[in-house]
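Asks: The structure's right below; bear with me while I get my questions together.
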Amino acid sequence: MENKRENFGGRIAVVAALAGSAIGLGSIWRFPYMVGEYGGAAFAVVYILATFIISLPVFISEAVIGRRARASSFSAMSKLRPGHSLWKAAGVLSVAIPLLINSYYCVIGGWSLEYLFKSLGGEFIFYSDADTAVIFNKFISSPFLPLLMHLLFMAACTFVVARGIQFGIEMFSKITIPALFVLVLVVIIYSISLPGAEKGVEYLVKPDFSQITPRSIAYAMGQSFYSLSLGMGAVITYGSYIKKEESIPSAGIWTAISTLFFAVLAAFAVMPAVFAGGMQPGAGPGLIFQSIPYVFSKMGMEHPTLSAIISIVFFLAVVVAAMTSCISLIEVGVSFLKEKFSMGRIRACLVVFLLCGSLGVICSLSFGPLSSFVIRGKIIFEMLDWLTSNILLLVMSLLTVLFVGFAMKREDVYDEFTNGGTKKNSVRIFKGFYFFIKWIAPVAVLTIFITNFIL
Ligand code: PFF
């Protein structure tokens, strides 16, 4: 059974897959608008610090659990510490959360796909000064097209997962992750060359720490958790495919660096264009679907071909980034179904597709026909985002650090962290890591959780 488990081929594959999970809509869609809403460069600085100080150790903890247990996230903890209902509950959460996230995540994936098609059709050129916000809102509230795009997007992701770990997820990530950096660099060059873009660059390089509030700190930390795909079973699941000889801390560090780097690049692709177009940086979730097409259409009047190409490049990057993350969420469910119900990979993929697809349909409709269905002032889509990102993800992360700090044997954690004492650098930092996970991480996660509630 142990030997039959699939593995990532090598170090590059591990980092590409983990970075693929991490780099996603969180970096290219959420991060730029959060930077815009919660303090510009100062927010980015807090986000970067939070990633290294808090999120990275939590990320490593998840991978340690996954590789030690070599099981799905559902049973990983109870396999290492049998007979405790708390860890069983954590297993259930770790499968339920990605299912819920995926349902709304793929809806945004579907929007990106539609915008890619629009770009391919050169549509933005013709928007001229038409109101892109109206076009966007009309699209997301219509009952049919977003559903179709959502299902198409999910089908593409499911197809990759169905091909397996090495020939699906690994191969796809190894090609698309480097390509993503190139695509975003192309957009940056265009974006900063626009007249008026300097203000956007300045906004990103000059931190104004007076803009930092407890709320923006909590949001920056939450964003950093979301960005590294923490608390959703994804890192536990991918961790279980990491071969024994690979170093988990080094995979973690490279994943964190590439994710941060990408998020910062995405901000440099989006913000200068937003300023050049005379738009507001704090435009919220619609930023890349409203402001960016507006800027492209404005530029399109003078350089229609260039503008058309750049919009294709930009939305292609959004689609690909969203896909690699969605793939990791699907794999969590697939690995659970394979293990628990001995299903074949393809059948498990179909089940996840049907489940997430149907939930996603409800999410998508919550912008149109179901918009009157509101819980605590939020439509279903917003409710799911809030519930998973601000609550469940943190609960799961708290359980993860408590598990590594108190339930797992210290020798086992040491063994995974240092590869049985053979990786000298890891041996050197192990004590600090273990202390942090035991005593500081739980307090930090709890503080973010409480701050989210009060503020
Ligand atoms: N990290 C992804 C992003 O920033 O878009 C989102 C995500 C993917 C969250 C996978 C959770 C996950 F399991």
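All residue names refer to the structure tokens as shown: chains lettered A, B, ... in order, residues numbered from 1 in each chain, ligands numbered from 1 in order.
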Compute the set of protein, DNA and RNA residues whose minimum atom distance to ligand 1 is at most 10 Å, using only C-alpha atoms and all ligand atoms, and state it as a PDB file with N, CA, C and O atoms, in the first residue's frame.

Replies:
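Okay, this is what ended up in pocket-v1.pdb:
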```pdb
ATOM      1  N   LEU A  18       3.782  22.854  -5.259  1.00  0.00           N
ATOM      2  CA  LEU A  18       3.393  23.641  -4.077  1.00  0.00           C
ATOM      3  C   LEU A  18       3.205  25.112  -4.447  1.00  0.00           C
ATOM      4  O   LEU A  18       2.256  25.759  -3.997  1.00  0.00           O
ATOM      5  N   ALA A  19       4.121  25.619  -5.276  1.00  0.00           N
ATOM      6  CA  ALA A  19       3.975  27.016  -5.704  1.00  0.00           C
ATOM      7  C   ALA A  19       2.725  27.158  -6.567  1.00  0.00           C
ATOM      8  O   ALA A  19       2.029  28.173  -6.522  1.00  0.00           O
ATOM      9  N   GLY A  20       2.423  26.117  -7.334  1.00  0.00           N
ATOM     10  CA  GLY A  20       1.222  26.154  -8.160  1.00  0.00           C
ATOM     11  C   GLY A  20      -0.019  26.290  -7.297  1.00  0.00           C
ATOM     12  O   GLY A  20      -0.937  27.053  -7.596  1.00  0.00           O
ATOM     13  N   SER A  21      -0.035  25.555  -6.197  1.00  0.00           N
ATOM     14  CA  SER A  21      -1.174  25.655  -5.293  1.00  0.00           C
ATOM     15  C   SER A  21      -1.238  27.050  -4.675  1.00  0.00           C
ATOM     16  O   SER A  21      -2.295  27.657  -4.545  1.00  0.00           O
ATOM     17  N   ALA A  22      -0.053  27.556  -4.307  1.00  0.00           N
ATOM     18  CA  ALA A  22      -0.010  28.838  -3.593  1.00  0.00           C
ATOM     19  C   ALA A  22      -0.307  30.015  -4.514  1.00  0.00           C
ATOM     20  O   ALA A  22      -1.148  30.872  -4.209  1.00  0.00           O
ATOM     21  N   ILE A  23       0.367  30.041  -5.660  1.00  0.00           N
ATOM     22  CA  ILE A  23       0.173  31.169  -6.583  1.00  0.00           C
ATOM     23  C   ILE A  23      -1.164  30.990  -7.282  1.00  0.00           C
ATOM     24  O   ILE A  23      -1.374  29.996  -7.970  1.00  0.00           O
ATOM     25  N   GLY A  24      -2.045  31.937  -7.050  1.00  0.00           N
ATOM     26  CA  GLY A  24      -3.366  31.756  -7.661  1.00  0.00           C
ATOM     27  C   GLY A  24      -4.116  33.063  -7.652  1.00  0.00           C
ATOM     28  O   GLY A  24      -3.512  34.149  -7.654  1.00  0.00           O
ATOM     29  N   LEU A  25      -5.439  32.949  -7.590  1.00  0.00           N
ATOM     30  CA  LEU A  25      -6.245  34.163  -7.568  1.00  0.00           C
ATOM     31  C   LEU A  25      -5.898  35.010  -6.359  1.00  0.00           C
ATOM     32  O   LEU A  25      -6.020  36.227  -6.370  1.00  0.00           O
ATOM     33  N   GLY A  26      -5.440  34.339  -5.301  1.00  0.00           N
ATOM     34  CA  GLY A  26      -5.027  35.057  -4.095  1.00  0.00           C
ATOM     35  C   GLY A  26      -3.940  36.064  -4.409  1.00  0.00           C
ATOM     36  O   GLY A  26      -3.932  37.172  -3.874  1.00  0.00           O
ATOM     37  N   SER A  27      -3.005  35.698  -5.277  1.00  0.00           N
ATOM     38  CA  SER A  27      -1.904  36.612  -5.599  1.00  0.00           C
ATOM     39  C   SER A  27      -2.287  37.613  -6.679  1.00  0.00           C
ATOM     40  O   SER A  27      -1.900  38.770  -6.612  1.00  0.00           O
ATOM     41  N   ILE A  28      -3.024  37.155  -7.658  1.00  0.00           N
ATOM     42  CA  ILE A  28      -3.212  38.023  -8.826  1.00  0.00           C
ATOM     43  C   ILE A  28      -4.535  38.809  -8.784  1.00  0.00           C
ATOM     44  O   ILE A  28      -4.664  39.864  -9.370  1.00  0.00           O
ATOM     45  N   TRP A  29      -5.474  38.293  -8.003  1.00  0.00           N
ATOM     46  CA  TRP A  29      -6.779  38.971  -7.934  1.00  0.00           C
ATOM     47  C   TRP A  29      -6.972  39.627  -6.553  1.00  0.00           C
ATOM     48  O   TRP A  29      -7.287  40.798  -6.436  1.00  0.00           O
ATOM     49  N   ARG A  30      -6.695  38.868  -5.494  1.00  0.00           N
ATOM     50  CA  ARG A  30      -6.966  39.364  -4.157  1.00  0.00           C
ATOM     51  C   ARG A  30      -5.891  40.336  -3.659  1.00  0.00           C
ATOM     52  O   ARG A  30      -6.181  41.387  -3.111  1.00  0.00           O
ATOM     53  N   PHE A  31      -4.608  39.934  -3.833  1.00  0.00           N
ATOM     54  CA  PHE A  31      -3.527  40.733  -3.272  1.00  0.00           C
ATOM     55  C   PHE A  31      -3.518  42.175  -3.804  1.00  0.00           C
ATOM     56  O   PHE A  31      -3.505  43.113  -3.005  1.00  0.00           O
ATOM     57  N   SER A  94     -10.593  19.266   7.010  1.00  0.00           N
ATOM     58  CA  SER A  94      -9.595  19.458   5.962  1.00  0.00           C
ATOM     59  C   SER A  94     -10.098  18.993   4.598  1.00  0.00           C
ATOM     60  O   SER A  94      -9.496  19.319   3.582  1.00  0.00           O
ATOM     61  N   VAL A  95     -11.162  18.223   4.584  1.00  0.00           N
ATOM     62  CA  VAL A  95     -11.738  17.841   3.294  1.00  0.00           C
ATOM     63  C   VAL A  95     -12.922  18.747   2.948  1.00  0.00           C
ATOM     64  O   VAL A  95     -13.154  19.096   1.781  1.00  0.00           O
ATOM     65  N   ILE A  97     -13.323  21.964   3.858  1.00  0.00           N
ATOM     66  CA  ILE A  97     -12.931  23.340   3.507  1.00  0.00           C
ATOM     67  C   ILE A  97     -12.563  23.477   2.020  1.00  0.00           C
ATOM     68  O   ILE A  97     -13.094  24.350   1.336  1.00  0.00           O
ATOM     69  N   PRO A  98     -11.684  22.596   1.494  1.00  0.00           N
ATOM     70  CA  PRO A  98     -11.371  22.768   0.069  1.00  0.00           C
ATOM     71  C   PRO A  98     -12.580  22.608  -0.837  1.00  0.00           C
ATOM     72  O   PRO A  98     -12.687  23.278  -1.872  1.00  0.00           O
ATOM     73  N   LEU A  99     -13.516  21.752  -0.423  1.00  0.00           N
ATOM     74  CA  LEU A  99     -14.721  21.585  -1.232  1.00  0.00           C
ATOM     75  C   LEU A  99     -15.480  22.918  -1.295  1.00  0.00           C
ATOM     76  O   LEU A  99     -15.910  23.367  -2.362  1.00  0.00           O
ATOM     77  N   ILE A 101     -14.259  25.975  -0.608  1.00  0.00           N
ATOM     78  CA  ILE A 101     -13.479  27.016  -1.289  1.00  0.00           C
ATOM     79  C   ILE A 101     -13.554  26.829  -2.795  1.00  0.00           C
ATOM     80  O   ILE A 101     -13.772  27.773  -3.546  1.00  0.00           O
ATOM     81  N   ASN A 102     -13.384  25.581  -3.195  1.00  0.00           N
ATOM     82  CA  ASN A 102     -13.340  25.326  -4.627  1.00  0.00           C
ATOM     83  C   ASN A 102     -14.615  25.777  -5.321  1.00  0.00           C
ATOM     84  O   ASN A 102     -14.583  26.234  -6.456  1.00  0.00           O
ATOM     85  N   TYR A 105     -14.205  29.439  -5.740  1.00  0.00           N
ATOM     86  CA  TYR A 105     -12.940  29.733  -6.435  1.00  0.00           C
ATOM     87  C   TYR A 105     -13.086  29.491  -7.942  1.00  0.00           C
ATOM     88  O   TYR A 105     -12.641  30.272  -8.764  1.00  0.00           O
ATOM     89  N   GLN A 223      -4.292  37.086   4.549  1.00  0.00           N
ATOM     90  CA  GLN A 223      -3.958  36.987   3.119  1.00  0.00           C
ATOM     91  C   GLN A 223      -2.751  36.072   2.923  1.00  0.00           C
ATOM     92  O   GLN A 223      -2.694  35.278   1.995  1.00  0.00           O
ATOM     93  N   SER A 224      -1.800  36.183   3.839  1.00  0.00           N
ATOM     94  CA  SER A 224      -0.597  35.364   3.704  1.00  0.00           C
ATOM     95  C   SER A 224      -0.921  33.877   3.928  1.00  0.00           C
ATOM     96  O   SER A 224      -0.400  33.003   3.234  1.00  0.00           O
ATOM     97  N   PHE A 225      -1.828  33.585   4.844  1.00  0.00           N
ATOM     98  CA  PHE A 225      -2.273  32.188   5.048  1.00  0.00           C
ATOM     99  C   PHE A 225      -2.963  31.663   3.799  1.00  0.00           C
ATOM    100  O   PHE A 225      -2.704  30.566   3.330  1.00  0.00           O
ATOM    101  N   TYR A 226      -3.866  32.488   3.290  1.00  0.00           N
ATOM    102  CA  TYR A 226      -4.639  32.086   2.116  1.00  0.00           C
ATOM    103  C   TYR A 226      -3.707  31.833   0.944  1.00  0.00           C
ATOM    104  O   TYR A 226      -3.828  30.859   0.204  1.00  0.00           O
ATOM    105  N   SER A 227      -2.745  32.732   0.836  1.00  0.00           N
ATOM    106  CA  SER A 227      -1.835  32.672  -0.285  1.00  0.00           C
ATOM    107  C   SER A 227      -0.981  31.403  -0.269  1.00  0.00           C
ATOM    108  O   SER A 227      -0.715  30.823  -1.315  1.00  0.00           O
ATOM    109  N   LEU A 228      -0.571  30.982   0.910  1.00  0.00           N
ATOM    110  CA  LEU A 228       0.237  29.758   0.955  1.00  0.00           C
ATOM    111  C   LEU A 228      -0.634  28.501   1.028  1.00  0.00           C
ATOM    112  O   LEU A 228      -0.130  27.413   1.308  1.00  0.00           O
ATOM    113  N   SER A 229      -1.912  28.651   0.795  1.00  0.00           N
ATOM    114  CA  SER A 229      -2.869  27.524   0.796  1.00  0.00           C
ATOM    115  C   SER A 229      -2.895  26.796   2.138  1.00  0.00           C
ATOM    116  O   SER A 229      -3.011  25.566   2.181  1.00  0.00           O
ATOM    117  N   LEU A 230      -2.793  27.557   3.215  1.00  0.00           N
ATOM    118  CA  LEU A 230      -2.771  26.897   4.528  1.00  0.00           C
ATOM    119  C   LEU A 230      -4.170  26.585   5.024  1.00  0.00           C
ATOM    120  O   LEU A 230      -5.134  27.228   4.635  1.00  0.00           O
ATOM    121  N   GLY A 231      -4.256  25.612   5.894  1.00  0.00           N
ATOM    122  CA  GLY A 231      -5.519  25.312   6.568  1.00  0.00           C
ATOM    123  C   GLY A 231      -6.577  24.736   5.656  1.00  0.00           C
ATOM    124  O   GLY A 231      -7.770  24.854   5.925  1.00  0.00           O
ATOM    125  N   MET A 232      -6.163  24.161   4.537  1.00  0.00           N
ATOM    126  CA  MET A 232      -7.177  23.625   3.625  1.00  0.00           C
ATOM    127  C   MET A 232      -6.833  22.238   3.133  1.00  0.00           C
ATOM    128  O   MET A 232      -7.330  21.799   2.104  1.00  0.00           O
ATOM    129  N   GLY A 233      -5.938  21.597   3.822  1.00  0.00           N
ATOM    130  CA  GLY A 233      -5.623  20.216   3.448  1.00  0.00           C
ATOM    131  C   GLY A 233      -4.693  20.091   2.245  1.00  0.00           C
ATOM    132  O   GLY A 233      -4.170  19.011   1.975  1.00  0.00           O
ATOM    133  N   ALA A 234      -4.498  21.189   1.519  1.00  0.00           N
ATOM    134  CA  ALA A 234      -3.725  21.083   0.276  1.00  0.00           C
ATOM    135  C   ALA A 234      -2.253  20.752   0.557  1.00  0.00           C
ATOM    136  O   ALA A 234      -1.670  19.888  -0.100  1.00  0.00           O
ATOM    137  N   VAL A 235      -1.669  21.439   1.531  1.00  0.00           N
ATOM    138  CA  VAL A 235      -0.240  21.205   1.789  1.00  0.00           C
ATOM    139  C   VAL A 235      -0.030  19.845   2.458  1.00  0.00           C
ATOM    140  O   VAL A 235       0.957  19.158   2.203  1.00  0.00           O
ATOM    141  N   ILE A 236      -1.005  19.422   3.282  1.00  0.00           N
ATOM    142  CA  ILE A 236      -0.904  18.075   3.869  1.00  0.00           C
ATOM    143  C   ILE A 236      -0.932  17.044   2.733  1.00  0.00           C
ATOM    144  O   ILE A 236      -0.115  16.127   2.673  1.00  0.00           O
ATOM    145  N   THR A 237      -1.871  17.234   1.812  1.00  0.00           N
ATOM    146  CA  THR A 237      -2.011  16.273   0.710  1.00  0.00           C
ATOM    147  C   THR A 237      -0.765  16.255  -0.174  1.00  0.00           C
ATOM    148  O   THR A 237      -0.208  15.195  -0.458  1.00  0.00           O
ATOM    149  N   TYR A 238      -0.319  17.434  -0.601  1.00  0.00           N
ATOM    150  CA  TYR A 238       0.879  17.479  -1.443  1.00  0.00           C
ATOM    151  C   TYR A 238       2.098  16.985  -0.646  1.00  0.00           C
ATOM    152  O   TYR A 238       2.983  16.342  -1.203  1.00  0.00           O
ATOM    153  N   THR A 259       6.021  32.567  -4.157  1.00  0.00           N
ATOM    154  CA  THR A 259       4.665  33.118  -4.028  1.00  0.00           C
ATOM    155  C   THR A 259       4.713  34.621  -3.758  1.00  0.00           C
ATOM    156  O   THR A 259       3.965  35.401  -4.359  1.00  0.00           O
ATOM    157  N   ALA A 263       3.281  37.592  -6.093  1.00  0.00           N
ATOM    158  CA  ALA A 263       2.250  38.528  -5.631  1.00  0.00           C
ATOM    159  C   ALA A 263       2.715  39.966  -5.840  1.00  0.00           C
ATOM    160  O   ALA A 263       1.940  40.831  -6.295  1.00  0.00           O
ATOM    161  N   VAL A 318      -4.100  34.983 -15.406  1.00  0.00           N
ATOM    162  CA  VAL A 318      -5.093  34.808 -14.330  1.00  0.00           C
ATOM    163  C   VAL A 318      -5.685  33.397 -14.389  1.00  0.00           C
ATOM    164  O   VAL A 318      -5.791  32.704 -13.372  1.00  0.00           O
ATOM    165  N   ALA A 321      -3.013  30.754 -13.313  1.00  0.00           N
ATOM    166  CA  ALA A 321      -2.742  30.826 -11.867  1.00  0.00           C
ATOM    167  C   ALA A 321      -3.907  30.204 -11.106  1.00  0.00           C
ATOM    168  O   ALA A 321      -3.718  29.428 -10.160  1.00  0.00           O
ATOM    169  N   ALA A 322      -5.125  30.526 -11.517  1.00  0.00           N
ATOM    170  CA  ALA A 322      -6.301  29.982 -10.837  1.00  0.00           C
ATOM    171  C   ALA A 322      -6.352  28.461 -11.004  1.00  0.00           C
ATOM    172  O   ALA A 322      -6.702  27.725 -10.076  1.00  0.00           O
ATOM    173  N   MET A 323      -5.971  28.000 -12.187  1.00  0.00           N
ATOM    174  CA  MET A 323      -6.050  26.547 -12.433  1.00  0.00           C
ATOM    175  C   MET A 323      -5.131  25.743 -11.514  1.00  0.00           C
ATOM    176  O   MET A 323      -5.542  24.744 -10.933  1.00  0.00           O
ATOM    177  N   THR A 324      -3.870  26.196 -11.385  1.00  0.00           N
ATOM    178  CA  THR A 324      -2.934  25.393 -10.589  1.00  0.00           C
ATOM    179  C   THR A 324      -3.395  25.309  -9.128  1.00  0.00           C
ATOM    180  O   THR A 324      -3.149  24.315  -8.448  1.00  0.00           O
ATOM    181  N   SER A 325      -4.066  26.368  -8.653  1.00  0.00           N
ATOM    182  CA  SER A 325      -4.558  26.327  -7.268  1.00  0.00           C
ATOM    183  C   SER A 325      -5.776  25.431  -7.145  1.00  0.00           C
ATOM    184  O   SER A 325      -5.903  24.622  -6.226  1.00  0.00           O
ATOM    185  N   CYS A 326      -6.673  25.595  -8.118  1.00  0.00           N
ATOM    186  CA  CYS A 326      -7.895  24.797  -8.102  1.00  0.00           C
ATOM    187  C   CYS A 326      -7.550  23.306  -8.168  1.00  0.00           C
ATOM    188  O   CYS A 326      -8.179  22.467  -7.508  1.00  0.00           O
ATOM    189  N   ILE A 327      -6.507  23.005  -8.935  1.00  0.00           N
ATOM    190  CA  ILE A 327      -6.067  21.621  -9.073  1.00  0.00           C
ATOM    191  C   ILE A 327      -5.689  21.040  -7.705  1.00  0.00           C
ATOM    192  O   ILE A 327      -6.030  19.903  -7.368  1.00  0.00           O
ATOM    193  N   SER A 328      -5.007  21.843  -6.901  1.00  0.00           N
ATOM    194  CA  SER A 328      -4.597  21.318  -5.586  1.00  0.00           C
ATOM    195  C   SER A 328      -5.809  21.101  -4.685  1.00  0.00           C
ATOM    196  O   SER A 328      -5.838  20.186  -3.864  1.00  0.00           O
ATOM    197  N   LEU A 329      -6.818  21.944  -4.853  1.00  0.00           N
ATOM    198  CA  LEU A 329      -8.034  21.760  -4.041  1.00  0.00           C
ATOM    199  C   LEU A 329      -8.765  20.489  -4.471  1.00  0.00           C
ATOM    200  O   LEU A 329      -9.285  19.746  -3.641  1.00  0.00           O
ATOM    201  N   ILE A 330      -8.791  20.239  -5.764  1.00  0.00           N
ATOM    202  CA  ILE A 330      -9.459  19.022  -6.259  1.00  0.00           C
ATOM    203  C   ILE A 330      -8.701  17.794  -5.749  1.00  0.00           C
ATOM    204  O   ILE A 330      -9.301  16.804  -5.316  1.00  0.00           O
ATOM    205  N   GLU A 331      -7.366  17.877  -5.771  1.00  0.00           N
ATOM    206  CA  GLU A 331      -6.565  16.718  -5.363  1.00  0.00           C
ATOM    207  C   GLU A 331      -6.821  16.334  -3.899  1.00  0.00           C
ATOM    208  O   GLU A 331      -6.754  15.158  -3.546  1.00  0.00           O
ATOM    209  N   VAL A 332      -7.135  17.316  -3.061  1.00  0.00           N
ATOM    210  CA  VAL A 332      -7.439  16.991  -1.664  1.00  0.00           C
ATOM    211  C   VAL A 332      -8.624  16.021  -1.606  1.00  0.00           C
ATOM    212  O   VAL A 332      -8.573  14.978  -0.943  1.00  0.00           O
ATOM    213  N   THR A 388     -14.790  30.528   4.883  1.00  0.00           N
ATOM    214  CA  THR A 388     -13.590  29.705   4.706  1.00  0.00           C
ATOM    215  C   THR A 388     -12.323  30.501   5.003  1.00  0.00           C
ATOM    216  O   THR A 388     -11.483  30.063   5.791  1.00  0.00           O
ATOM    217  N   SER A 389     -12.190  31.702   4.420  1.00  0.00           N
ATOM    218  CA  SER A 389     -10.929  32.438   4.568  1.00  0.00           C
ATOM    219  C   SER A 389     -10.729  32.991   5.972  1.00  0.00           C
ATOM    220  O   SER A 389      -9.616  33.020   6.475  1.00  0.00           O
ATOM    221  N   LEU A 393     -10.335  28.363   7.812  1.00  0.00           N
ATOM    222  CA  LEU A 393      -8.904  28.242   7.510  1.00  0.00           C
ATOM    223  C   LEU A 393      -8.069  28.440   8.783  1.00  0.00           C
ATOM    224  O   LEU A 393      -7.086  27.736   9.019  1.00  0.00           O
TER     225      LEU A 393
END
```

Asks: Going by DSSP on the backbone, which bits of segment 155-311 of chain A are helix (DSSP H, G or I)? Write them as a ChimeraX atom specification, please.

Replies: /A:155-162,165-192,198-205,209-211,214-227,234-239,248-276,284-300,304-311

Asks: Pick out the closest residue to Gly110 of chain A from this set: A:Ala267, A:Ala90, A:Val274, A:Cys363. Count only C-alpha atoms.

Replies: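 Going through A:Ala267, A:Ala90, A:Val274, A:Cys363 one by one, the smallest distance to Gly110 of chain A is for A:Cys363.
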
Asks: Applying 6 Å and only C-alpha atoms, which residues near Lys438 of chain A remain after dropping the ones on its own chain fewer than 2 positions away? List them as JSON, numbers by chain.

Replies: {"A": [405, 435, 436]}

Asks: Restrict the selected residues to all heavy atoms and save them as an mmCIF file, in the first residue's frame.

Replies:
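So the final result, stored in part_20.cif, reads:
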```
data_model
loop_
_atom_site.group_PDB
_atom_site.id
_atom_site.type_symbol
_atom_site.label_atom_id
_atom_site.label_comp_id
_atom_site.auth_asym_id
_atom_site.auth_seq_id
_atom_site.Cartn_x
_atom_site.Cartn_y
_atom_site.Cartn_z
ATOM 1 N N GLY A 405 2.764 20.531 17.519
ATOM 2 C CA GLY A 405 3.422 20.927 18.769
ATOM 3 C C GLY A 405 3.148 19.983 19.925
ATOM 4 O O GLY A 405 4.008 19.762 20.783
ATOM 5 N N PHE A 435 9.920 25.317 18.943
ATOM 6 C CA PHE A 435 9.461 26.237 19.997
ATOM 7 C C PHE A 435 8.375 27.154 19.434
ATOM 8 O O PHE A 435 7.329 27.366 20.040
ATOM 9 C CB PHE A 435 10.653 27.064 20.518
ATOM 10 C CG PHE A 435 10.253 28.054 21.569
ATOM 11 C CD1 PHE A 435 10.154 27.670 22.907
ATOM 12 C CD2 PHE A 435 9.958 29.377 21.237
ATOM 13 C CE1 PHE A 435 9.760 28.583 23.885
ATOM 14 C CE2 PHE A 435 9.557 30.287 22.209
ATOM 15 C CZ PHE A 435 9.467 29.888 23.534
ATOM 16 N N PHE A 436 8.636 27.656 18.237
ATOM 17 C CA PHE A 436 7.694 28.580 17.613
ATOM 18 C C PHE A 436 6.331 27.912 17.411
ATOM 19 O O PHE A 436 5.282 28.468 17.719
ATOM 20 C CB PHE A 436 8.249 29.058 16.259
ATOM 21 C CG PHE A 436 7.348 30.032 15.582
ATOM 22 C CD1 PHE A 436 7.432 31.391 15.844
ATOM 23 C CD2 PHE A 436 6.367 29.596 14.695
ATOM 24 C CE1 PHE A 436 6.567 32.288 15.236
ATOM 25 C CE2 PHE A 436 5.494 30.486 14.090
ATOM 26 C CZ PHE A 436 5.601 31.834 14.355
#
```

Asks: Do a neighbour search on Val161 of chain A at 12 Å with only C-alpha atoms, toss out local chain neighbours closer than 2 positions, and write the hits as number ranges by chain.

Replies: A: 17, 154-159, 163-173, 323-335, 345-350, 352-353

Asks: Write the residues you've just listed into a file as a short mmCIF file (atom, residue, chain, number, x, y, z; two decimals), in the first residue's frame, and include C-alpha atoms for each of them.

Replies:
```
data_model
loop_
_atom_site.label_atom_id
_atom_site.label_comp_id
_atom_site.auth_asym_id
_atom_site.auth_seq_id
_atom_site.Cartn_x
_atom_site.Cartn_y
_atom_site.Cartn_z
CA ALA A 17 3.37 21.89 -7.46
CA MET A 154 -13.57 23.13 -13.50
CA ALA A 155 -13.57 20.52 -16.22
CA ALA A 156 -10.13 21.69 -17.42
CA CYS A 157 -8.72 21.50 -13.88
CA THR A 158 -10.30 18.11 -13.24
CA PHE A 159 -8.79 16.81 -16.46
CA ARG A 163 -3.98 12.40 -15.34
CA GLY A 164 -2.36 11.71 -11.98
CA ILE A 165 0.38 13.20 -9.86
CA GLN A 166 3.37 12.95 -12.19
CA PHE A 167 1.70 13.18 -15.59
CA GLY A 168 -0.98 15.63 -14.53
CA ILE A 169 -0.29 17.93 -11.62
CA GLU A 170 3.50 17.82 -11.77
CA MET A 171 3.81 18.21 -15.51
CA PHE A 172 1.23 21.00 -15.66
CA SER A 173 2.86 22.96 -12.83
CA MET A 323 -6.05 26.55 -12.43
CA THR A 324 -2.93 25.39 -10.59
CA SER A 325 -4.56 26.33 -7.27
CA CYS A 326 -7.89 24.80 -8.10
CA ILE A 327 -6.07 21.62 -9.07
CA SER A 328 -4.60 21.32 -5.59
CA LEU A 329 -8.03 21.76 -4.04
CA ILE A 330 -9.46 19.02 -6.26
CA GLU A 331 -6.57 16.72 -5.36
CA VAL A 332 -7.44 16.99 -1.66
CA GLY A 333 -10.87 15.51 -2.36
CA VAL A 334 -9.55 12.96 -4.83
CA SER A 335 -6.90 11.67 -2.46
CA ARG A 345 -8.56 8.33 -9.69
CA ILE A 346 -10.88 9.05 -12.61
CA ARG A 347 -14.02 8.13 -10.70
CA ALA A 348 -12.88 10.20 -7.70
CA CYS A 349 -12.29 13.15 -10.04
CA LEU A 350 -15.81 12.83 -11.38
CA VAL A 352 -15.35 15.94 -6.88
CA PHE A 353 -16.33 17.61 -10.15
#
```

Asks: Compile the contact shell of segment 182-185 of chain A as an MDAnalysis selection string: residues with an atom at most 8 Å away, counting only C-alpha atoms, same-chain residues fewer than 5 positions apart removed.

Replies: chainID A and resid 265:266 269 313:314 317

Asks: Could you write those residues out with N, CA and C atoms, as a short mmCIF file (atom, residue, chain, number, x, y, z; two decimals), in the first residue's frame?

Replies:
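New file result-v1.cif:
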```cif
data_model
loop_
_atom_site.label_atom_id
_atom_site.label_comp_id
_atom_site.auth_asym_id
_atom_site.auth_seq_id
_atom_site.Cartn_x
_atom_site.Cartn_y
_atom_site.Cartn_z
N LEU A 265 4.93 40.98 -8.05
CA LEU A 265 4.90 41.25 -9.49
C LEU A 265 3.47 41.55 -9.96
N ALA A 266 2.52 40.77 -9.44
CA ALA A 266 1.12 40.98 -9.86
C ALA A 266 0.68 42.39 -9.48
N ALA A 269 1.97 44.72 -11.92
CA ALA A 269 1.30 44.62 -13.21
C ALA A 269 -0.01 45.39 -13.17
N VAL A 313 -2.58 38.25 -22.67
CA VAL A 313 -1.51 37.77 -21.80
C VAL A 313 -1.95 37.86 -20.33
N PHE A 314 -2.56 38.99 -19.98
CA PHE A 314 -2.95 39.17 -18.59
C PHE A 314 -4.00 38.13 -18.16
N ALA A 317 -2.71 34.65 -17.82
CA ALA A 317 -2.01 34.47 -16.55
C ALA A 317 -3.00 34.23 -15.42
#
```

Asks: Nearest to Lys423 of chain A among A:Pro272, A:Pro32, A:Gly122, A:Pro249, with distances taken over only C-alpha atoms: which residue is it?

Replies: A:Pro249

Asks: Between atom CA of Ile312 of chain A and atom CA of Phe181 of chain A, measure the distance and give it in Å to one decimal.

Replies: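 Rounded to one decimal, the two atoms are 14.9 Å apart.
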
Asks: I want to know what sits within 9 Å of segment 277-291 of chain A, based on only C-alpha atoms, with residues of the same chain fewer than 2 positions away left out; could you give that as a ChimeraX atom specification?

Replies: /A:28-30,32-38,40,111-112,115,131-136,194-197,200,270-275,293-296,298-299

Asks: For Gly368 of chain A, which of A:Pro82, A:Pro146, A:Gly9, A:Pro214 is the closest residue, counting only C-alpha atoms?

Replies: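 That would be A:Pro146, the residue with the smallest distance to Gly368 of chain A.
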
Asks: Can you work out which one of A:Val201, A:Ile60, A:Ala308, A:Val46 has the shortest atom-to-atom distance to Thr255 of chain A, counting only C-alpha atoms?

Replies: A:Ile60

Asks: Need the shell around Phe8 of chain A: protein/DNA/RNA residues with any atom at most 6 Å away, counting only C-alpha atoms. Skip same-chain ones fewer than 6 positions apart. Format as a PyMOL selection string?

Replies: chain A and resi 14+241-242
